[in-house]
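Novice: Sharing a structure, written as structure tokens. Questions coming.
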Amino acid sequence: MNYEVNKIEPFGIIVQAFEKNTDIKDIPISKLKNLFNKEHLIVLRGFKTFSESGEFVNYCDLWGEVSVWPFGKVLELVEHDQPEDHIFDSSYVPLHWDGMYRKQVPEYQIFHCLEAPLEEKGGRTTFSNTVLALRNSDEEKRRQWSKVIGNYKREMEFYNSKVVSPVITKHPYKDYSVIRYNEPSSDNENFINPPNQNFSGLEASEIQGFHQKLLEVLYDDKNFYAHKWVDGDVVIADNFTLLHGREKFVSKSPRHIRRVQVLSDPPFNNPGLESYQ
């Protein structure tokens, strides 16, 4: 093989090419899917990748049906001069799952790094493994969290949606539980276009403690990984099992990531979507 495979702590794997001319397409998708099902996160580094977005989409097509948005198939994650939403700002992005406001929830998030953040400038993409989070929590916490229902409403350029989801639910196609949670922003004064959120199922006096205990677990080193980007990195993340977000980065510093979402087979219709425009 022209590459090596190593574990990432506390979860995931990194597949690293020995030579820069090793094409990323030389790794069979069937092999990567087997690794994905076990590890939930794959980092492909040092490979010959994609010179344009069309090539990237063609690669993602090999993984399954690509989700189409009003802007197309590829989201350019880069800071805007006058952002109207936090995903196009340099602020941190709270933990969440993709597709929570869409008709179908994608299984695969596939990222391609065109320009990595500079050293010590922030901008890592964050991931929390919710299977590990549940496994590493005591029964009392899990019992409390299983009572909580998240109610979310969000309006942005691409949708105006309302979603209701239990915090603990089943994986769509596998026999284990996962956490579906959109972390409330801790910086609402500077956070552009936050969703409207409220959580039911507990007494009002218990809600603050619920958030605190859940976030402690989600960000615990045993369950949490922050990916430091390198130019050319391709990352495939399990959107059914992980939550993800972004660290704040220095405004106007380099950071350009492309993202494509790929649906499961069969596609998973969003069970919590109450309204969508």
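Each chain in the structure tokens gets a letter, A, B and so on, in the order shown; residues start at 1 in every chain, and ligands are counted from 1 in the order they appear.
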Find the residues near A:Ile14: any atom within 10 Å, counting only C-alpha atoms, skip ones fewer than 5 places away on the same chain, and give them as a CSV table (one decimal) with C-alpha atoms, in the first residue's frame.
Specialist:
```csv
chain,number,residue,atom,x,y,z
A,4,GLU,CA,-0.6,4.0,6.3
A,5,VAL,CA,-3.6,3.9,8.7
A,6,ASN,CA,-3.3,5.1,12.3
A,7,LYS,CA,-5.8,5.7,15.1
A,8,ILE,CA,-6.7,9.2,16.2
A,41,LEU,CA,-14.3,9.7,11.3
A,42,ILE,CA,-11.7,9.4,8.6
A,43,VAL,CA,-8.9,11.9,7.8
A,44,LEU,CA,-7.2,11.4,4.4
A,45,ARG,CA,-3.9,13.4,4.3
A,235,VAL,CA,-12.3,14.5,6.2
```
Novice: Set the distance at 10 Å and use only C-alpha atoms: which residues neighbour A:Phe224 once local chain neighbours fewer than 6 positions away are removed? I'd like the list as a list in words.
Specialist: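 Listed by chain and then number, they are Glu9, Pro10, Phe11, Thr126, Phe127, Ser128, Asn129, Thr130, Leu132, Ala133, Val217, Leu218, Leu242, Leu243 and His244 of chain A.
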Novice: With C-alpha atoms kept, could you save the residues just selected as a short mmCIF file (atom, residue, chain, number, x, y, z; two decimals), in the first residue's frame?
Specialist:
```
data_model
loop_
_atom_site.label_atom_id
_atom_site.label_comp_id
_atom_site.auth_asym_id
_atom_site.auth_seq_id
_atom_site.Cartn_x
_atom_site.Cartn_y
_atom_site.Cartn_z
CA GLU A 9 -7.46 9.65 19.93
CA PRO A 10 -10.11 9.32 21.23
CA PHE A 11 -11.80 8.16 18.01
CA THR A 126 -14.70 20.05 16.36
CA PHE A 127 -16.32 16.64 16.70
CA SER A 128 -17.99 14.92 19.63
CA ASN A 129 -18.67 11.18 19.49
CA THR A 130 -22.09 10.81 21.09
CA LEU A 132 -18.75 7.47 23.54
CA ALA A 133 -20.42 10.34 25.41
CA VAL A 217 -19.47 15.19 28.63
CA LEU A 218 -19.59 16.24 24.97
CA LEU A 242 -21.16 12.66 15.78
CA LEU A 243 -21.95 16.26 16.59
CA HIS A 244 -19.65 18.87 15.10
#
```
Novice: Pick out the residues sitting within 6 Å of A:Arg246, and hand them over as a PyMOL selection string; count only C-alpha atoms, and ignore anything fewer than 3 positions along from it in its own chain.
Specialist: chain A and resi 92-93+124-126
Novice: Given only C-alpha atoms as the basis, pick out the residue of A:Glu206, A:Glu119, A:Glu65, A:Glu52 nearest to A:Gln104.
Specialist: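 For A:Gln104, the nearest of the given residues is A:Glu65.
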Novice: Taking only C-alpha atoms into account, name the residue in A:Trp97, A:Phe111, A:Tyr152, A:Phe18 that is nearest to A:Glu274.
Specialist: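 Looking at the shortest contact to A:Glu274, the residue is A:Tyr152.
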Novice: Taking the DSSP assignment computed from this structure's backbone, write out as a ChimeraX atom specification all residues of stretch 18-183 of chain A that belong to strand (DSSP E).
Specialist: /A:41-45,75-78,93-96,104-105,108-115,125-129,149-156,159-166,168-170,177-179
Novice: Identify, on the basis of only C-alpha atoms, every residue whose closest approach to A:Tyr101 does not exceed 10 Å; exclude the query and any residue fewer than 6 positions from it along the same chain; express the result as a PyMOL selection string.
Specialist: chain A and resi 152-155+158-164+270+272-277
Novice: Which one is closest to A:Ser186: A:Gly209, A:Glu19, A:Arg102, A:Ser91? Count only C-alpha atoms.
Specialist: A:Ser91
Novice: So that I can check the surroundings of stretch 61-63 of chain A, please list as a ChimeraX atom specification every protein, DNA and RNA residue that reaches within 7 Å of it, counting only C-alpha atoms and ignoring chain neighbours fewer than 3 positions away.
Specialist: /A:29,57-58,66,262
Novice: Excluding same-chain residues fewer than 4 positions from A:His112, what lies within 8 Å of it counting only C-alpha atoms, as a list in words?
Specialist: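 Once the adjacent positions are removed, what remains is Phe56, Gly232, Asp233, Val234, Val235, Ile257, Arg258 and Arg259 of chain A.
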Novice: I need the alpha helix (DSSP H) residues of stretch 140-231 of chain A per DSSP on the backbone, written as JSON, numbers by chain.
Specialist: {"A": [140, 141, 142, 143, 144, 145, 204, 205, 206, 207, 208, 209, 210, 211, 212, 213, 214, 215, 216, 217, 218]}
Novice: Tell me which of A:His86, A:Asp231, A:Glu107, A:Pro70 sits closest to A:Pro266, counting only C-alpha atoms.
Specialist: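 Of all the options, A:Glu107 lies closest to A:Pro266.
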Novice: Using only C-alpha atoms, pick whichever of A:Gln109, A:Ser251, A:Gln208, A:Ser146 has the shortest atom-to-atom distance to A:Ser264.
Specialist: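 Looking at the shortest contact to A:Ser264, the residue is A:Gln109.
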Novice: Check the smallest atom-to-atom distance from each of A:Pro267, A:Pro28, A:Gly122, A:Pro195 to A:Lys252 using only C-alpha atoms, then report the winner.
Specialist: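 Answer, going by the shortest atom-to-atom distance: A:Gly122.
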